file structure.cif (mmCIF, C-alpha atoms and all ligand atoms)
data_structure
loop_
_atom_site.label_atom_id
_atom_site.label_comp_id
_atom_site.auth_asym_id
_atom_site.auth_seq_id
_atom_site.Cartn_x
_atom_site.Cartn_y
_atom_site.Cartn_z
CA MET A 1 -43.15 18.41 -13.32
CA ILE A 2 -39.84 16.70 -12.78
CA VAL A 3 -38.86 14.45 -15.63
CA GLN A 4 -36.79 11.62 -14.35
CA ASN A 5 -33.81 10.73 -16.42
CA PRO A 6 -33.15 7.01 -16.13
CA ILE A 7 -29.50 7.56 -16.92
CA LEU A 8 -27.98 8.95 -13.75
CA LYS A 9 -24.65 10.60 -13.42
CA VAL A 10 -21.99 9.32 -11.05
CA SER A 11 -22.06 12.53 -9.02
CA GLN A 12 -25.70 11.95 -8.05
CA LEU A 13 -24.75 9.06 -5.81
CA GLU A 14 -22.90 9.11 -2.55
CA TYR A 15 -19.39 7.79 -2.56
CA ILE A 16 -18.13 5.01 -0.40
CA GLY A 17 -15.80 6.58 2.16
CA ASP A 18 -12.61 5.41 3.88
CA ALA A 19 -9.03 5.14 2.75
CA ASP A 20 -8.41 3.20 -0.42
CA LEU A 21 -5.67 1.09 1.03
CA LYS A 22 -4.04 0.44 4.34
CA VAL A 23 -0.30 0.14 4.75
CA ALA A 24 1.75 -0.59 7.88
CA LEU A 25 5.30 0.72 8.29
CA ILE A 26 7.16 -1.87 10.25
CA GLY A 27 10.78 -2.20 11.17
CA LEU A 28 13.39 -2.59 13.84
CA MET A 29 13.82 0.13 16.42
CA GLN A 30 14.96 3.51 15.19
CA SER A 31 15.12 2.61 11.54
CA GLY A 32 13.44 5.93 10.73
CA LYS A 33 9.79 4.90 10.29
CA SER A 34 8.35 7.99 11.95
CA THR A 35 10.77 10.36 10.23
CA ILE A 36 9.85 8.94 6.82
CA LEU A 37 6.14 9.00 7.47
CA SER A 38 6.34 12.56 8.69
CA ALA A 39 8.14 13.51 5.46
CA ILE A 40 5.47 11.79 3.41
CA SER A 41 2.45 13.09 5.28
CA GLY A 42 3.79 16.53 6.24
CA LYS A 43 2.65 15.85 9.80
CA GLU A 44 4.66 15.86 13.02
CA PRO A 45 6.59 12.62 13.54
CA ALA A 46 5.75 10.28 16.40
CA MET A 47 8.34 10.39 19.18
CA MET A 48 11.24 8.01 18.85
CA GLY A 49 10.57 5.02 21.13
CA SER A 50 6.81 5.61 21.19
CA THR A 51 4.86 2.41 21.87
CA ASP A 52 1.64 3.71 20.32
CA ILE A 53 0.46 3.08 16.80
CA HIS A 54 0.00 6.32 14.86
CA GLU A 55 -2.14 6.57 11.75
CA TYR A 56 -1.81 9.07 8.92
CA MET A 57 -4.03 9.56 5.91
CA VAL A 58 -1.72 10.28 2.99
CA PRO A 59 -3.17 11.61 -0.28
CA VAL A 60 -1.83 9.91 -3.39
CA PRO A 61 0.02 12.56 -5.44
CA ASP A 62 -1.26 12.63 -9.02
CA ASP A 63 -0.27 15.38 -11.49
CA ARG A 64 -3.17 14.38 -13.71
CA LEU A 65 -5.66 15.44 -11.05
CA ASP A 66 -4.01 18.85 -10.85
CA TRP A 67 -4.30 19.37 -14.59
CA LEU A 68 -7.90 18.11 -14.68
CA THR A 69 -8.80 20.42 -11.81
CA GLY A 70 -7.55 23.34 -13.90
CA LEU A 71 -9.71 22.22 -16.82
CA TYR A 72 -12.97 21.35 -15.05
CA GLN A 73 -12.80 23.78 -12.11
CA PRO A 74 -14.72 21.27 -9.95
CA LYS A 75 -16.20 22.00 -6.53
CA LYS A 76 -13.77 19.48 -5.14
CA THR A 77 -10.81 17.36 -6.13
CA VAL A 78 -10.49 14.00 -4.45
CA HIS A 79 -7.18 12.22 -4.36
CA ALA A 80 -6.96 8.53 -3.60
CA THR A 81 -5.71 8.03 -0.07
CA VAL A 82 -3.42 5.63 1.69
CA ASP A 83 -3.88 5.00 5.38
CA CYS A 84 -0.38 4.58 6.80
CA MET A 85 0.15 3.02 10.22
CA ASP A 86 3.36 4.03 11.90
CA MET A 87 4.18 1.01 14.05
CA PRO A 88 6.38 1.13 17.14
CA GLY A 89 9.91 -0.11 16.57
CA ILE A 90 10.49 -3.77 17.32
CA SER A 91 13.44 -5.67 18.66
CA PHE A 92 14.17 -9.36 18.97
CA THR A 93 17.18 -9.15 21.23
CA ASP A 94 15.30 -10.32 24.34
CA ASP A 95 12.03 -11.97 25.38
CA HIS A 96 10.39 -8.70 26.29
CA GLY A 97 11.08 -7.36 22.79
CA ARG A 98 9.90 -10.55 21.10
CA LYS A 99 6.67 -10.49 23.08
CA ALA A 100 5.99 -6.86 22.16
CA ALA A 101 6.79 -7.62 18.51
CA ARG A 102 4.22 -10.45 18.47
CA LYS A 103 1.62 -8.08 19.81
CA PHE A 104 2.38 -5.47 17.16
CA PHE A 105 2.40 -8.10 14.41
CA ASN A 106 -1.10 -9.07 15.48
CA GLU A 107 -2.21 -5.45 15.10
CA VAL A 108 -1.25 -5.39 11.44
CA ARG A 109 -2.68 -8.66 10.23
CA THR A 110 -5.47 -6.99 8.27
CA VAL A 111 -3.52 -4.34 6.35
CA ASP A 112 -3.14 -4.54 2.56
CA MET A 113 0.63 -4.47 2.58
CA PHE A 114 3.77 -3.87 4.63
CA VAL A 115 6.50 -1.35 4.16
CA ALA A 116 9.61 -2.59 5.92
CA VAL A 117 11.82 0.35 6.85
CA VAL A 118 15.45 -0.72 7.06
CA ARG A 119 18.25 1.45 8.41
CA ALA A 120 21.35 2.06 6.34
CA PHE A 121 22.18 5.54 7.67
CA ASP A 122 24.99 6.09 10.06
CA ASN A 123 24.20 8.39 12.98
CA PRO A 124 26.36 8.16 16.11
CA SER A 125 23.66 9.77 18.23
CA VAL A 126 21.13 7.05 17.35
CA PRO A 127 22.16 3.64 18.73
CA ALA A 128 22.18 0.97 16.03
CA TYR A 129 20.28 -2.31 16.35
CA ARG A 130 22.63 -5.05 17.60
CA SER A 131 25.31 -2.34 17.85
CA SER A 132 26.03 -2.12 14.13
CA VAL A 133 24.38 -0.77 11.01
CA ASN A 134 23.72 -3.76 8.77
CA PRO A 135 20.67 -3.45 6.53
CA ALA A 136 20.91 -6.91 4.95
CA ARG A 137 21.07 -8.59 8.37
CA ASP A 138 18.21 -6.47 9.72
CA LEU A 139 15.91 -7.24 6.81
CA GLU A 140 16.72 -10.93 7.07
CA GLU A 141 15.95 -10.91 10.79
CA LEU A 142 12.68 -9.06 10.34
CA LYS A 143 11.52 -11.47 7.64
CA THR A 144 12.54 -14.51 9.68
CA GLU A 145 10.62 -13.25 12.70
CA MET A 146 7.54 -12.66 10.56
CA LEU A 147 7.79 -16.23 9.35
CA LEU A 148 8.18 -17.47 12.93
CA ALA A 149 5.09 -15.51 13.97
CA ASP A 150 3.21 -17.25 11.17
CA LEU A 151 4.59 -20.61 12.29
CA GLU A 152 3.25 -19.98 15.77
CA LEU A 153 -0.13 -19.25 14.28
CA VAL A 154 -0.07 -22.41 12.17
CA THR A 155 0.98 -24.54 15.13
CA THR A 156 -1.78 -23.24 17.39
CA ARG A 157 -4.31 -23.73 14.62
CA ILE A 158 -3.15 -27.30 14.00
CA GLU A 159 -3.50 -28.15 17.70
CA ARG A 160 -7.04 -26.82 17.71
CA LEU A 161 -8.01 -28.57 14.47
CA GLU A 162 -6.56 -31.90 15.58
CA LYS A 163 -8.92 -31.83 18.53
CA SER A 164 -12.05 -30.62 16.76
CA VAL A 165 -11.69 -32.56 13.54
CA HIS A 166 -12.88 -35.80 15.20
CA LYS A 167 -16.19 -34.30 16.22
CA PRO A 168 -18.94 -35.00 13.69
CA THR A 169 -20.01 -31.40 13.13
CA LYS A 170 -21.26 -29.54 10.07
CA THR A 171 -17.80 -28.09 9.52
CA GLN A 172 -15.93 -31.38 9.87
CA ALA A 173 -15.14 -31.82 6.17
CA ARG A 174 -13.87 -28.28 5.89
CA GLU A 175 -11.76 -28.66 9.01
CA LYS A 176 -10.21 -31.83 7.65
CA ALA A 177 -9.31 -30.07 4.43
CA GLU A 178 -7.90 -27.11 6.33
CA LEU A 179 -5.84 -29.33 8.63
CA GLU A 180 -4.21 -30.92 5.62
CA VAL A 181 -3.22 -27.51 4.25
CA GLN A 182 -2.01 -26.24 7.63
CA LEU A 183 0.24 -29.27 8.04
CA LYS A 184 1.79 -28.56 4.67
CA LEU A 185 2.33 -24.93 5.65
CA GLN A 186 4.00 -25.97 8.89
CA GLU A 187 6.36 -28.22 7.00
CA ALA A 188 7.15 -25.47 4.49
CA ILE A 189 7.91 -22.88 7.15
CA GLU A 190 10.08 -25.31 9.08
CA SER A 191 12.17 -25.86 5.98
CA GLU A 192 12.30 -22.07 5.49
CA LYS A 193 10.09 -22.01 2.43
CA PRO A 194 7.50 -19.24 1.95
CA ILE A 195 3.88 -20.14 2.65
CA SER A 196 2.88 -19.11 -0.85
CA SER A 197 5.02 -21.88 -2.34
CA VAL A 198 2.73 -24.64 -1.06
CA ILE A 199 -0.66 -23.14 -1.81
CA GLU A 200 -1.92 -24.80 -4.94
CA ASN A 201 -5.33 -23.26 -5.56
CA ASP A 202 -7.96 -20.73 -4.52
CA LEU A 203 -9.78 -23.30 -2.42
CA GLN A 204 -6.72 -23.83 -0.21
CA MET A 205 -6.24 -20.08 -0.05
CA ASP A 206 -9.83 -19.61 1.13
CA LEU A 207 -9.32 -22.19 3.87
CA ILE A 208 -6.36 -20.37 5.38
CA LYS A 209 -7.38 -16.78 4.64
CA PRO A 210 -8.97 -16.12 8.05
CA LEU A 211 -5.56 -16.53 9.71
CA ASN A 212 -4.16 -13.48 7.89
CA PHE A 213 -0.61 -14.74 7.55
CA LEU A 214 1.97 -11.95 7.61
CA THR A 215 4.19 -13.57 5.02
CA LEU A 216 1.37 -13.84 2.49
CA LYS A 217 1.01 -10.08 2.32
CA PRO A 218 2.78 -7.96 -0.26
CA MET A 219 5.77 -6.09 1.15
CA MET A 220 8.11 -3.43 -0.10
CA VAL A 221 11.33 -2.24 1.47
CA VAL A 222 12.29 1.35 2.20
CA LEU A 223 16.00 1.60 2.69
CA ASN A 224 16.65 4.63 4.86
CA VAL A 225 20.03 5.87 3.69
CA GLY A 226 22.22 8.71 4.89
CA GLU A 227 22.62 11.82 2.76
CA ASP A 228 26.10 10.69 1.74
CA GLN A 229 24.72 7.33 0.53
CA LEU A 230 22.14 8.78 -1.87
CA GLY A 231 22.69 7.28 -5.28
CA SER A 232 25.08 4.56 -4.10
CA LYS A 233 24.15 0.92 -4.28
CA ILE A 234 23.58 -0.87 -1.00
CA GLU A 235 23.44 -4.65 -0.99
CA LEU A 236 20.46 -6.20 0.75
CA GLY A 237 21.28 -9.74 -0.25
CA ALA A 238 18.89 -12.64 -0.55
CA ALA A 239 16.39 -11.13 1.88
CA SER A 240 15.35 -8.53 -0.67
CA GLU A 241 14.85 -11.00 -3.51
CA GLY A 242 11.58 -10.34 -5.30
CA LEU A 243 10.85 -7.24 -3.23
CA GLU A 244 10.58 -3.69 -4.49
CA VAL A 245 13.28 -1.63 -2.75
CA VAL A 246 13.11 2.16 -2.51
CA SER A 247 16.09 4.12 -1.19
CA LEU A 248 15.48 7.46 0.45
CA CYS A 249 16.99 9.63 3.12
CA GLY A 250 14.42 10.13 5.85
CA SER A 251 16.02 13.07 7.61
CA LEU A 252 16.64 14.95 4.34
CA GLU A 253 13.11 14.27 3.12
CA SER A 254 11.58 15.57 6.33
CA GLU A 255 13.61 18.78 5.94
CA LEU A 256 12.42 19.06 2.34
CA ALA A 257 8.81 18.65 3.40
CA GLN A 258 9.08 21.77 5.54
CA LEU A 259 10.10 24.01 2.61
CA ASP A 260 7.83 25.98 0.28
CA ALA A 261 7.51 24.63 -3.26
CA ASP A 262 10.12 26.90 -4.88
CA SER A 263 12.92 26.38 -2.39
CA ARG A 264 12.11 22.67 -2.32
CA GLU A 265 12.68 22.35 -6.04
CA GLU A 266 15.93 24.25 -5.83
CA PHE A 267 17.13 22.17 -2.90
CA MET A 268 16.13 18.91 -4.59
CA ALA A 269 17.97 19.88 -7.78
CA ASP A 270 21.07 20.57 -5.69
CA MET A 271 20.83 17.13 -4.08
CA GLY A 272 20.17 15.42 -7.43
CA LEU A 273 16.67 14.31 -6.35
CA THR A 274 14.03 14.12 -9.05
CA GLU A 275 10.88 13.60 -7.02
CA PRO A 276 9.77 13.96 -3.40
CA ALA A 277 9.63 10.86 -1.20
CA SER A 278 5.84 11.04 -1.00
CA LYS A 279 5.60 10.34 -4.72
CA THR A 280 8.18 7.57 -4.81
CA PHE A 281 6.67 5.96 -1.74
CA VAL A 282 3.08 5.87 -2.92
CA GLN A 283 3.98 4.86 -6.48
CA SER A 284 5.95 1.94 -5.12
CA CYS A 285 3.01 0.92 -2.90
CA TYR A 286 0.81 1.00 -6.01
CA SER A 287 3.19 -1.12 -8.04
CA THR A 288 3.72 -3.59 -5.18
CA LEU A 289 -0.04 -4.05 -4.98
CA GLY A 290 -0.49 -4.02 -8.76
CA LEU A 291 -2.74 -0.97 -8.68
CA ILE A 292 -3.48 1.61 -11.37
CA SER A 293 -5.82 4.61 -11.30
CA PHE A 294 -8.84 5.51 -13.33
CA LEU A 295 -10.31 8.98 -13.15
CA THR A 296 -13.75 10.57 -13.04
CA VAL A 297 -14.31 14.20 -13.99
CA GLY A 298 -17.07 16.77 -13.86
CA LYS A 299 -18.15 20.11 -12.45
CA ASP A 300 -18.79 18.60 -9.01
CA GLU A 301 -15.74 16.49 -8.64
CA VAL A 302 -12.48 15.39 -10.20
CA ARG A 303 -11.30 12.19 -8.64
CA ALA A 304 -8.75 9.36 -8.87
CA TRP A 305 -9.73 5.78 -8.08
CA PRO A 306 -7.24 3.00 -7.44
CA ILE A 307 -8.06 -0.33 -9.01
CA GLU A 308 -6.19 -3.57 -9.65
CA LYS A 309 -4.39 -3.89 -12.96
CA GLY A 310 -6.49 -6.05 -15.26
CA ALA A 311 -9.81 -5.02 -13.68
CA SER A 312 -12.82 -4.65 -15.97
CA ALA A 313 -15.03 -1.63 -16.56
CA LEU A 314 -17.65 -3.42 -14.48
CA ASP A 315 -15.20 -3.76 -11.55
CA ALA A 316 -14.42 -0.06 -11.90
CA ALA A 317 -18.12 0.77 -11.79
CA GLY A 318 -18.48 -1.30 -8.64
CA LYS A 319 -15.57 0.51 -7.06
CA ILE A 320 -17.63 3.70 -7.19
CA HIS A 321 -21.02 2.29 -6.24
CA SER A 322 -22.79 -1.05 -6.35
CA ASP A 323 -25.75 0.62 -8.14
CA ILE A 324 -23.51 1.70 -10.99
CA LYS A 325 -22.28 -1.85 -11.32
CA ARG A 326 -25.78 -3.29 -11.16
CA GLY A 327 -27.22 -0.89 -13.72
CA PHE A 328 -24.13 -0.68 -15.92
CA ILE A 329 -24.91 0.32 -19.51
CA ARG A 330 -21.57 1.49 -20.85
CA ALA A 331 -18.38 3.28 -19.94
CA GLU A 332 -17.64 6.41 -21.95
CA THR A 333 -13.88 6.39 -21.87
CA MET A 334 -11.05 8.63 -22.98
CA ALA A 335 -7.38 8.37 -22.19
CA TYR A 336 -5.95 11.14 -20.02
CA ALA A 337 -3.14 11.64 -22.55
CA ASP A 338 -5.69 12.19 -25.34
CA LEU A 339 -7.59 14.76 -23.32
CA GLN A 340 -4.41 16.57 -22.48
CA GLU A 341 -3.34 16.55 -26.12
CA GLN A 342 -6.71 17.67 -27.49
CA GLY A 343 -7.41 20.26 -24.81
CA ASP A 344 -11.04 19.42 -24.01
CA GLU A 345 -13.69 16.71 -24.28
CA LYS A 346 -15.24 18.19 -27.42
CA ALA A 347 -11.96 18.02 -29.24
CA VAL A 348 -11.41 14.45 -28.01
CA LYS A 349 -14.80 13.47 -29.48
CA ALA A 350 -14.07 15.32 -32.73
CA ALA A 351 -10.80 13.43 -33.00
CA GLY A 352 -12.70 10.16 -32.62
CA LYS A 353 -10.92 9.33 -29.38
CA MET A 354 -13.92 9.03 -27.10
CA ARG A 355 -14.74 5.33 -26.78
CA LEU A 356 -17.87 3.48 -25.67
CA GLU A 357 -16.66 0.51 -23.70
CA GLY A 358 -18.62 -2.46 -22.38
CA LYS A 359 -18.54 -4.42 -19.13
CA THR A 360 -15.52 -6.54 -19.99
CA TYR A 361 -13.26 -3.72 -21.16
CA VAL A 362 -9.93 -3.85 -19.30
CA VAL A 363 -9.41 -0.48 -17.60
CA GLN A 364 -6.11 1.24 -18.33
CA ASP A 365 -4.14 3.55 -16.06
CA GLY A 366 -5.32 7.12 -16.65
CA ASP A 367 -8.64 6.22 -18.27
CA ILE A 368 -11.20 8.97 -17.69
CA ILE A 369 -14.51 7.21 -17.41
CA ASN A 370 -18.08 8.41 -17.38
CA PHE A 371 -20.31 5.50 -16.44
CA ARG A 372 -23.79 5.30 -17.93
CA PHE A 373 -26.09 3.18 -15.87
CA ASN A 374 -29.73 2.57 -15.17
CA VAL A 375 -31.20 1.50 -11.84
N1 LIG B 1 21.36 10.65 9.96
C1 LIG B 1 20.09 10.25 9.80
N2 LIG B 1 19.33 10.13 10.90
C2 LIG B 1 18.06 9.70 10.74
C3 LIG B 1 17.53 9.39 9.46
N3 LIG B 1 16.25 8.98 9.60
C4 LIG B 1 16.00 9.04 10.93
N4 LIG B 1 17.08 9.49 11.61
C5 LIG B 1 17.19 9.70 13.06
O1 LIG B 1 17.04 8.44 13.69
C6 LIG B 1 16.27 8.57 14.90
C7 LIG B 1 15.11 7.62 14.84
O2 LIG B 1 14.20 8.05 13.88
P1 LIG B 1 12.65 7.71 13.99
O3 LIG B 1 12.03 8.24 12.75
O4 LIG B 1 12.09 8.12 15.28
O5 LIG B 1 12.75 6.13 13.90
P2 LIG B 1 11.60 5.08 14.19
O6 LIG B 1 11.91 3.90 13.37
O7 LIG B 1 10.27 5.71 14.07
O8 LIG B 1 11.92 4.78 15.73
P3 LIG B 1 11.03 3.87 16.71
O9 LIG B 1 9.60 4.23 16.48
O10 LIG B 1 11.53 4.24 18.07
O11 LIG B 1 11.36 2.49 16.34
C8 LIG B 1 15.88 10.02 14.97
O12 LIG B 1 16.78 10.68 15.84
C9 LIG B 1 16.03 10.53 13.57
O13 LIG B 1 16.34 11.90 13.52
C10 LIG B 1 18.38 9.53 8.32
O14 LIG B 1 17.99 9.28 7.17
N5 LIG B 1 19.65 9.95 8.56
MG MG B 2 8.67 5.67 15.42
#

call {"tool": "encode", "arguments": {"input": "structure.cif", "output": "structure tokens"}}
result
Amino acid sequence: MIVQNPILKVSQLEYIGDADLKVALIGLMQSGKSTILSAISGKEPAMMGSTDIHEYMVPVPDDRLDWLTGLYQPKKTVHATVDCMDMPGISFTDDHGRKAARKFFNEVRTVDMFVAVVRAFDNPSVPAYRSSVNPARDLEELKTEMLLADLELVTTRIERLEKSVHKPTKTQAREKAELEVQLKLQEAIESEKPISSVIENDLQMDLIKPLNFLTLKPMMVVLNVGEDQLGSKIELGAASEGLEVVSLCGSLESELAQLDADSREEFMADMGLTEPASKTFVQSCYSTLGLISFLTVGKDEVRAWPIEKGASALDAAGKIHSDIKRGFIRAETMAYADLQEQGDEKAVKAAGKMRLEGKTYVVQDGDIINFRFNV
């Protein structure tokens, strides 16, 4: 007879698939988007000038997973993943370029965040945008064009709402409320203020959410510097205010990615680099989005899960499976640092460092959680 245990283990359920977050690399032509993404993913770069969108699944590097894999010897180790879209280069120097840019902007309206790749490297064989290398100007132009694309969206929406709002339909009240917000947005953009500055509450946010404004999305900047500029400060001016900026050398990083681990370390030490671009890149994406990781361990699987900072144990449970959230009993939690210090779970328990947390517990980065639940 099979005795059913009402308390299931996480590994008995199927996981929800797909990448954990979606990021689009955008930027002016030949800023090094494909080179950087190839360095980060270890895959072949898309051809310079390609007009196709290329997607790469990039695993999130996490030393903790490596150590835990050594300890638990699981059947598999699952890293969090970032789906990176390598967008074609854009240019606003003529109508043809502007039209293509609009089209590409529309392709990225549903991503979680943008990475703007800005060129600082000098390379005589790669023509510079507007005939000179000027990262501050380029970033400013890119941001302005994104705002203009949003303005176009607002304007079209206002025209439509002004017509439909007079019709006595079920959605009339909502449309009226939305129109009011859209008019405020239009005014803000026209006076070069960010959209976010006029949104007062969640209700207004909900009304405009379906339009997926570009300038409401989190963005970080990757400054693609030349080898000789590594470590030197490059001014990005007002355009970079409030944005996380990561400097890396795309061509050097893509060379590094080709090397085996030992020669890579040696080479990096020579260049004064402390970590590979893949790590810096993903960590910056995480911090831009306010994400941390919690971990699950066991003989079947060791895995990292991204979650928003401040999320509760119940949110974390739901991240894995809705059943675990629904039947949540408690979260047996230990800190990764404690496990590493004590050597194994038994020792963690003996040291009194295994905690039983409830639904409202705020998950910390590196928490190793075993959810107890009953469905
Ligand atoms: N010197 C130098 N050259 C670079 C660097 N990064 C990229 N390049 C060169 O610049 C050219 C453009 O690089 P890509 O990675 O294709 O740039 P991209 O932004 O993907 O280009 P598009 O998709 O055409 O917009 C290539 O010839 C690269 O080898 C860098 O850090 N230093
Ligand atoms: Mg490219």

call {"tool": "residues_around", "arguments": {"input": "structure.cif", "residues": "Glu244 of chain A", "least_positions_apart": "2", "cutoff": "10 Å", "atoms": "all atoms listed in the file", "output": "MDAnalysis selection string"}}
result
chainID A and resid 115 218:222 240:242 246 284:285 287:288

call {"tool": "closest_residue", "arguments": {"input": "structure.cif", "among": "A:Pro135, A:Pro276, A:Gly250, A:Pro127", "to": "ligand LIG 1 (chain B)", "atoms": "only C-alpha atoms and all ligand atoms"}}
result
A:Gly250

call {"tool": "closest_residue", "arguments": {"input": "structure.cif", "among": "A:Glu253, A:Asp150, A:Glu308, A:Asp367", "to": "Ile195 of chain A", "atoms": "only C-alpha atoms"}}
result
A:Asp150

call {"tool": "closest_atom_pairs", "arguments": {"input": "structure.cif", "of": "chain A", "to": "ligand LIG 1 (chain B)", "cutoff": "9 Å", "atoms": "only C-alpha atoms and all ligand atoms", "output": "JSON lines"}}
result
{"residue": "A:Leu25", "atom": "CA", "partner": "B:LIG1", "partner_atom": "O6", "distance": 8.9}
{"residue": "A:Ile26", "atom": "CA", "partner": "B:LIG1", "partner_atom": "O6", "distance": 8.1}
{"residue": "A:Gly27", "atom": "CA", "partner": "B:LIG1", "partner_atom": "O6", "distance": 6.6}
{"residue": "A:Leu28", "atom": "CA", "partner": "B:LIG1", "partner_atom": "O11", "distance": 6.0}
{"residue": "A:Met29", "atom": "CA", "partner": "B:LIG1", "partner_atom": "O11", "distance": 3.4}
{"residue": "A:Gln30", "atom": "CA", "partner": "B:LIG1", "partner_atom": "O8", "distance": 3.3}
{"residue": "A:Ser31", "atom": "CA", "partner": "B:LIG1", "partner_atom": "O6", "distance": 3.9}
{"residue": "A:Gly32", "atom": "CA", "partner": "B:LIG1", "partner_atom": "O5", "distance": 3.3}
{"residue": "A:Lys33", "atom": "CA", "partner": "B:LIG1", "partner_atom": "O6", "distance": 3.9}
{"residue": "A:Ser34", "atom": "CA", "partner": "B:LIG1", "partner_atom": "O7", "distance": 3.7}
{"residue": "A:Thr35", "atom": "CA", "partner": "B:LIG1", "partner_atom": "O3", "distance": 3.5}
{"residue": "A:Ile36", "atom": "CA", "partner": "B:LIG1", "partner_atom": "O3", "distance": 6.4}
{"residue": "A:Leu37", "atom": "CA", "partner": "B:LIG1", "partner_atom": "O3", "distance": 7.9}
{"residue": "A:Ser38", "atom": "CA", "partner": "B:LIG1", "partner_atom": "O3", "distance": 8.2}
{"residue": "A:Pro45", "atom": "CA", "partner": "B:LIG1", "partner_atom": "O3", "distance": 7.0}
{"residue": "A:Ala46", "atom": "CA", "partner": "B:LIG1", "partner_atom": "O4", "distance": 6.8}
{"residue": "A:Met47", "atom": "CA", "partner": "B:LIG1", "partner_atom": "O4", "distance": 5.9}
{"residue": "A:Met48", "atom": "CA", "partner": "B:LIG1", "partner_atom": "O4", "distance": 3.7}
{"residue": "A:Gly49", "atom": "CA", "partner": "B:LIG1", "partner_atom": "O10", "distance": 3.3}
{"residue": "A:Ser50", "atom": "CA", "partner": "B:LIG1", "partner_atom": "O9", "distance": 5.6}
{"residue": "A:Thr51", "atom": "CA", "partner": "B:LIG1", "partner_atom": "O9", "distance": 7.4}
{"residue": "A:Asp52", "atom": "CA", "partner": "B:LIG1", "partner_atom": "O9", "distance": 8.9}
{"residue": "A:Asp86", "atom": "CA", "partner": "B:LIG1", "partner_atom": "O7", "distance": 7.4}
{"residue": "A:Met87", "atom": "CA", "partner": "B:LIG1", "partner_atom": "O9", "distance": 6.8}
{"residue": "A:Pro88", "atom": "CA", "partner": "B:LIG1", "partner_atom": "O9", "distance": 4.5}
{"residue": "A:Gly89", "atom": "CA", "partner": "B:LIG1", "partner_atom": "O11", "distance": 3.0}
{"residue": "A:Ile90", "atom": "CA", "partner": "B:LIG1", "partner_atom": "O11", "distance": 6.4}
{"residue": "A:Ser91", "atom": "CA", "partner": "B:LIG1", "partner_atom": "O11", "distance": 8.7}
{"residue": "A:Val117", "atom": "CA", "partner": "B:LIG1", "partner_atom": "O6", "distance": 7.4}
{"residue": "A:Val118", "atom": "CA", "partner": "B:LIG1", "partner_atom": "O6", "distance": 8.6}
{"residue": "A:Arg119", "atom": "CA", "partner": "B:LIG1", "partner_atom": "N3", "distance": 7.9}
{"residue": "A:Ala120", "atom": "CA", "partner": "B:LIG1", "partner_atom": "O14", "distance": 8.0}
{"residue": "A:Phe121", "atom": "CA", "partner": "B:LIG1", "partner_atom": "N5", "distance": 5.2}
{"residue": "A:Asp122", "atom": "CA", "partner": "B:LIG1", "partner_atom": "N1", "distance": 5.8}
{"residue": "A:Asn123", "atom": "CA", "partner": "B:LIG1", "partner_atom": "N1", "distance": 4.7}
{"residue": "A:Pro124", "atom": "CA", "partner": "B:LIG1", "partner_atom": "N1", "distance": 8.3}
{"residue": "A:Ser125", "atom": "CA", "partner": "B:LIG1", "partner_atom": "O12", "distance": 7.3}
{"residue": "A:Val126", "atom": "CA", "partner": "B:LIG1", "partner_atom": "C6", "distance": 5.7}
{"residue": "A:Pro127", "atom": "CA", "partner": "B:LIG1", "partner_atom": "C6", "distance": 8.6}
{"residue": "A:Asn224", "atom": "CA", "partner": "B:LIG1", "partner_atom": "O14", "distance": 5.4}
{"residue": "A:Val225", "atom": "CA", "partner": "B:LIG1", "partner_atom": "O14", "distance": 5.3}
{"residue": "A:Gly226", "atom": "CA", "partner": "B:LIG1", "partner_atom": "N5", "distance": 4.6}
{"residue": "A:Glu227", "atom": "CA", "partner": "B:LIG1", "partner_atom": "N5", "distance": 6.8}
{"residue": "A:Leu248", "atom": "CA", "partner": "B:LIG1", "partner_atom": "O14", "distance": 7.4}
{"residue": "A:Cys249", "atom": "CA", "partner": "B:LIG1", "partner_atom": "O14", "distance": 4.2}
{"residue": "A:Gly250", "atom": "CA", "partner": "B:LIG1", "partner_atom": "O14", "distance": 3.9}
{"residue": "A:Ser251", "atom": "CA", "partner": "B:LIG1", "partner_atom": "O14", "distance": 4.3}
{"residue": "A:Leu252", "atom": "CA", "partner": "B:LIG1", "partner_atom": "O14", "distance": 6.5}
{"residue": "A:Glu253", "atom": "CA", "partner": "B:LIG1", "partner_atom": "O14", "distance": 8.1}
{"residue": "A:Ser254", "atom": "CA", "partner": "B:LIG1", "partner_atom": "N3", "distance": 8.7}

call {"tool": "closest_residue", "arguments": {"input": "structure.cif", "among": "A:Glu145, A:Asp20, A:Asp300, A:Glu55", "to": "ligand MG 2 (chain B)", "atoms": "only C-alpha atoms and all ligand atoms"}}
result
A:Glu55

call {"tool": "residues_around", "arguments": {"input": "structure.cif", "residues": "segment 157-171 of chain A", "least_positions_apart": "4", "cutoff": "12 Å", "atoms": "all atoms listed in the file", "output": "PyMOL selection string"}}
result
chain A and resi 150-153+175-187+207-208+210-211

call {"tool": "atom_distance", "arguments": {"input": "structure.cif", "atom1": "atom CA of Val60 of chain A", "atom2": "atom CA of Ile307 of chain A"}}
result
13.2 Å

call {"tool": "closest_residue", "arguments": {"input": "structure.cif", "among": "A:Val23, A:Gly327, A:Gly237, A:Ile40", "to": "Val108 of chain A", "atoms": "all atoms listed in the file"}}
result
A:Val23

call {"tool": "atom_distance", "arguments": {"input": "structure.cif", "atom1": "atom CA of Glu235 of chain A", "atom2": "atom CA of Phe281 of chain A"}}
result
19.9 Å

call {"tool": "atom_distance", "arguments": {"input": "structure.cif", "atom1": "atom CA of Trp67 of chain A", "atom2": "atom CA of Val297 of chain A"}}
result
11.3 Å
